[in-house]
Amino acid sequence: MGYWLMKSEPETFSIDDLKKKKVEFWDGVRNYQARNMMRDDMKVGDLAFFYHSNCDVPGIYGIAKIVKAGYPDKSALNPESKYFDPKASNDNPRWFGVDVAFVEKFAQPISLSQMRAELKLQGFRLLDKGSRLSILPVSDNEWQTILKLKS
DNA sequence: GCCAACGTTGGC
DNA sequence: GCCAACGTTGGC
């Protein structure tokens, strides 16, 4: 099974929103590395940490599950959407997303600073200086190590 | 193909 | 709100 980390700003889409909706299309990713992972590498059944950025306590707020593998992100075709991309078309959708389902919301988030303090997480890409990638692969070891930080 | 300019991300 | 890091764009 694959493990991932998916970033979202709580203002845009939060773990509570996902809990309410149960399943949601993860749209709006406009970065090629992140797109490639969603299009090519994410499999149904994979689990993902739900990370919130740009908020009081940046960190992991819960877990989601991939329930549908990558397919075109139609928001790129919609001029009304804030994710509209004039270079996308039906023939060449350019951007992709996956469906994720709510699994769990942690009682307390696992904060970025907690993860930075964990020596075993040295090398985890999230912690790289200037890391901005919104979809990240998480190794087995990293996944287990991070879960142990839950309070 | 280089690289400066620009826009965005995201922690602080 | 600041600013460093990064990705993308576009002129040449």
# chains A, B, ... in the order shown; residues from 1 in each chain; ligands from 1
call {"tool": "select_by_dssp", "arguments": {"residues": "range 83-136 of chain A", "states": "alpha helix (DSSP H)", "output": "list in words"}}
result
Leu112, Ser113, Gln114, Met115, Arg116 and Ala117 of chain A
call {"tool": "interface_residues", "arguments": {"of": "chain A", "to": "chain C", "cutoff": "9 Å", "atoms": "only C-alpha atoms (C1' of nucleotides)", "output": "PyMOL selection string"}}
result
chain A and resi 31+129-132
call {"tool": "write_last_selection", "arguments": {"atoms": "C-alpha atoms", "output": "PDB file, in the first residue's frame"}}
result
ATOM      1  CA  ASN A  31       2.001  21.592 -10.223  1.00  0.00           C
ATOM      2  CA  LYS A 129      13.609  24.078   3.464  1.00  0.00           C
ATOM      3  CA  GLY A 130      11.299  25.773   1.025  1.00  0.00           C
ATOM      4  CA  SER A 131       9.299  22.628   0.356  1.00  0.00           C
ATOM      5  CA  ARG A 132       6.107  23.683  -1.388  1.00  0.00           C
TER       6      ARG A 132
END
call {"tool": "closest_residue", "arguments": {"among": "A:Gly2, A:Gly97, A:Pro86, A:Gly28", "to": "Lys65 in chain A", "atoms": "only C-alpha atoms"}}
result
A:Gly2
call {"tool": "select_by_dssp", "arguments": {"residues": "chain A", "states": "strand (DSSP E)", "output": "count of residues only"}}
result
49
call {"tool": "residues_around", "arguments": {"residues": "range 120-125 of chain A", "least_positions_apart": "5", "cutoff": "10 Å", "atoms": "only C-alpha atoms (C1' of nucleotides)", "output": "list in words"}}
result
Met115, Gly130, Ser131, Arg132, Leu133, Leu136, Pro137, Val138, Ser139, Asn141, Glu142, Trp143, Thr145 and Ile146 of chain A
call {"tool": "atom_distance", "arguments": {"atom1": "CA of Leu18 in chain A", "atom2": "CA of Ala64 in chain A"}}
result
8.6 Å
call {"tool": "atom_distance", "arguments": {"atom1": "CA of Trp26 in chain A", "atom2": "CA of Lys87 in chain A"}}
result
19.9 Å
call {"tool": "atom_distance", "arguments": {"atom1": "CA of Val98 in chain A", "atom2": "CA of Ser113 in chain A"}}
result
28.6 Å
call {"tool": "residues_around", "arguments": {"residues": "Leu5 in chain A", "least_positions_apart": "4", "cutoff": "6 Å", "atoms": "only C-alpha atoms (C1' of nucleotides)", "output": "compact mmCIF listing (two decimals) with N, CA, C and O atoms, in the first residue's frame"}}
result
# COMPACT_ATOMS: atom_id res chain seq x y z
N ALA A 48 -3.56 8.73 2.94
CA ALA A 48 -2.87 10.02 2.87
C ALA A 48 -3.07 10.80 4.17
O ALA A 48 -4.19 10.88 4.68
N PHE A 49 -1.98 11.37 4.66
CA PHE A 49 -2.10 12.36 5.73
C PHE A 49 -2.73 13.62 5.15
O PHE A 49 -2.35 14.07 4.08
N ILE A 135 1.61 17.58 -2.91
CA ILE A 135 1.40 16.15 -2.78
C ILE A 135 2.77 15.51 -2.58
O ILE A 135 3.67 15.74 -3.37
N LEU A 136 2.92 14.75 -1.52
CA LEU A 136 4.22 14.16 -1.22
C LEU A 136 4.09 12.67 -0.94
O LEU A 136 3.15 12.25 -0.25
call {"tool": "decode", "arguments": {"residues": "range 99-111 of chain A", "atoms": "all heavy atoms", "output": "mmCIF file, in the first residue's frame"}}
result
data_model
loop_
_atom_site.group_PDB
_atom_site.id
_atom_site.type_symbol
_atom_site.label_atom_id
_atom_site.label_comp_id
_atom_site.auth_asym_id
_atom_site.auth_seq_id
_atom_site.Cartn_x
_atom_site.Cartn_y
_atom_site.Cartn_z
ATOM 1 N N ASP A 99 -10.115 10.989 -6.154
ATOM 2 C CA ASP A 99 -11.159 11.076 -5.136
ATOM 3 C C ASP A 99 -10.596 10.577 -3.813
ATOM 4 O O ASP A 99 -9.971 9.521 -3.754
ATOM 5 C CB ASP A 99 -12.376 10.208 -5.513
ATOM 6 C CG ASP A 99 -13.253 10.882 -6.558
ATOM 7 O OD1 ASP A 99 -13.031 12.071 -6.859
ATOM 8 O OD2 ASP A 99 -14.156 10.205 -7.081
ATOM 9 N N VAL A 100 -10.848 11.341 -2.763
ATOM 10 C CA VAL A 100 -10.424 10.920 -1.426
ATOM 11 C C VAL A 100 -11.642 10.799 -0.517
ATOM 12 O O VAL A 100 -12.620 11.532 -0.670
ATOM 13 C CB VAL A 100 -9.407 11.912 -0.798
ATOM 14 C CG1 VAL A 100 -8.145 11.986 -1.634
ATOM 15 C CG2 VAL A 100 -10.014 13.288 -0.616
ATOM 16 N N ALA A 101 -11.550 9.856 0.407
ATOM 17 C CA ALA A 101 -12.622 9.661 1.384
ATOM 18 C C ALA A 101 -12.094 9.957 2.772
ATOM 19 O O ALA A 101 -10.911 9.731 3.079
ATOM 20 C CB ALA A 101 -13.127 8.215 1.325
ATOM 21 N N PHE A 102 -12.989 10.459 3.610
ATOM 22 C CA PHE A 102 -12.628 10.718 4.997
ATOM 23 C C PHE A 102 -12.368 9.401 5.734
ATOM 24 O O PHE A 102 -13.128 8.447 5.580
ATOM 25 C CB PHE A 102 -13.769 11.463 5.694
ATOM 26 C CG PHE A 102 -13.525 11.705 7.161
ATOM 27 C CD1 PHE A 102 -12.713 12.744 7.568
ATOM 28 C CD2 PHE A 102 -14.098 10.885 8.119
ATOM 29 C CE1 PHE A 102 -12.489 12.976 8.918
ATOM 30 C CE2 PHE A 102 -13.870 11.103 9.469
ATOM 31 C CZ PHE A 102 -13.059 12.151 9.871
ATOM 32 N N VAL A 103 -11.293 9.372 6.511
ATOM 33 C CA VAL A 103 -11.008 8.198 7.333
ATOM 34 C C VAL A 103 -11.036 8.567 8.806
ATOM 35 O O VAL A 103 -11.718 7.936 9.605
ATOM 36 C CB VAL A 103 -9.638 7.577 6.979
ATOM 37 C CG1 VAL A 103 -9.280 6.459 7.954
ATOM 38 C CG2 VAL A 103 -9.648 7.037 5.554
ATOM 39 N N GLU A 104 -10.285 9.618 9.142
ATOM 40 C CA GLU A 104 -10.107 9.926 10.555
ATOM 41 C C GLU A 104 -9.668 11.373 10.716
ATOM 42 O O GLU A 104 -8.910 11.888 9.906
ATOM 43 C CB GLU A 104 -9.003 9.002 11.107
ATOM 44 C CG GLU A 104 -8.659 9.237 12.558
ATOM 45 C CD GLU A 104 -7.483 8.374 13.027
ATOM 46 O OE1 GLU A 104 -6.966 7.575 12.210
ATOM 47 O OE2 GLU A 104 -7.076 8.517 14.185
ATOM 48 N N LYS A 105 -10.185 12.009 11.781
ATOM 49 C CA LYS A 105 -9.647 13.307 12.183
ATOM 50 C C LYS A 105 -8.986 13.110 13.541
ATOM 51 O O LYS A 105 -9.592 12.542 14.454
ATOM 52 C CB LYS A 105 -10.764 14.343 12.296
ATOM 53 C CG LYS A 105 -10.236 15.704 12.716
ATOM 54 C CD LYS A 105 -11.351 16.704 12.995
ATOM 55 C CE LYS A 105 -10.761 18.013 13.506
ATOM 56 N NZ LYS A 105 -11.805 18.995 13.840
ATOM 57 N N PHE A 106 -7.747 13.562 13.658
ATOM 58 C CA PHE A 106 -7.037 13.396 14.921
ATOM 59 C C PHE A 106 -7.613 14.326 15.985
ATOM 60 O O PHE A 106 -8.037 15.447 15.674
ATOM 61 C CB PHE A 106 -5.547 13.727 14.762
ATOM 62 C CG PHE A 106 -4.823 12.837 13.792
ATOM 63 C CD1 PHE A 106 -3.673 13.289 13.137
ATOM 64 C CD2 PHE A 106 -5.261 11.542 13.517
ATOM 65 C CE1 PHE A 106 -2.998 12.479 12.249
ATOM 66 C CE2 PHE A 106 -4.596 10.726 12.619
ATOM 67 C CZ PHE A 106 -3.453 11.198 11.977
ATOM 68 N N ALA A 107 -7.590 13.866 17.232
ATOM 69 C CA ALA A 107 -8.034 14.713 18.341
ATOM 70 C C ALA A 107 -7.147 15.946 18.424
ATOM 71 O O ALA A 107 -7.619 17.052 18.672
ATOM 72 C CB ALA A 107 -7.993 13.926 19.641
ATOM 73 N N GLN A 108 -5.844 15.727 18.225
ATOM 74 C CA GLN A 108 -4.879 16.821 18.187
ATOM 75 C C GLN A 108 -4.073 16.689 16.901
ATOM 76 O O GLN A 108 -3.691 15.581 16.544
ATOM 77 C CB GLN A 108 -3.903 16.721 19.366
ATOM 78 C CG GLN A 108 -4.552 16.809 20.736
ATOM 79 C CD GLN A 108 -5.108 18.191 21.000
ATOM 80 O OE1 GLN A 108 -4.602 19.182 20.481
ATOM 81 N NE2 GLN A 108 -6.174 18.256 21.787
ATOM 82 N N PRO A 109 -3.806 17.814 16.216
ATOM 83 C CA PRO A 109 -2.975 17.701 15.019
ATOM 84 C C PRO A 109 -1.547 17.289 15.369
ATOM 85 O O PRO A 109 -1.080 17.545 16.485
ATOM 86 C CB PRO A 109 -3.011 19.113 14.435
ATOM 87 C CG PRO A 109 -3.368 20.001 15.571
ATOM 88 C CD PRO A 109 -4.223 19.190 16.493
ATOM 89 N N ILE A 110 -0.898 16.633 14.419
ATOM 90 C CA ILE A 110 0.542 16.393 14.546
ATOM 91 C C ILE A 110 1.203 17.587 13.880
ATOM 92 O O ILE A 110 1.127 17.754 12.661
ATOM 93 C CB ILE A 110 0.944 15.082 13.856
ATOM 94 C CG1 ILE A 110 0.212 13.900 14.498
ATOM 95 C CG2 ILE A 110 2.452 14.893 13.913
ATOM 96 C CD1 ILE A 110 0.293 12.617 13.681
ATOM 97 N N SER A 111 1.804 18.451 14.697
ATOM 98 C CA SER A 111 2.251 19.732 14.164
ATOM 99 C C SER A 111 3.565 19.599 13.393
ATOM 100 O O SER A 111 4.350 18.672 13.607
ATOM 101 C CB SER A 111 2.428 20.728 15.304
ATOM 102 O OG SER A 111 3.542 20.349 16.096
#
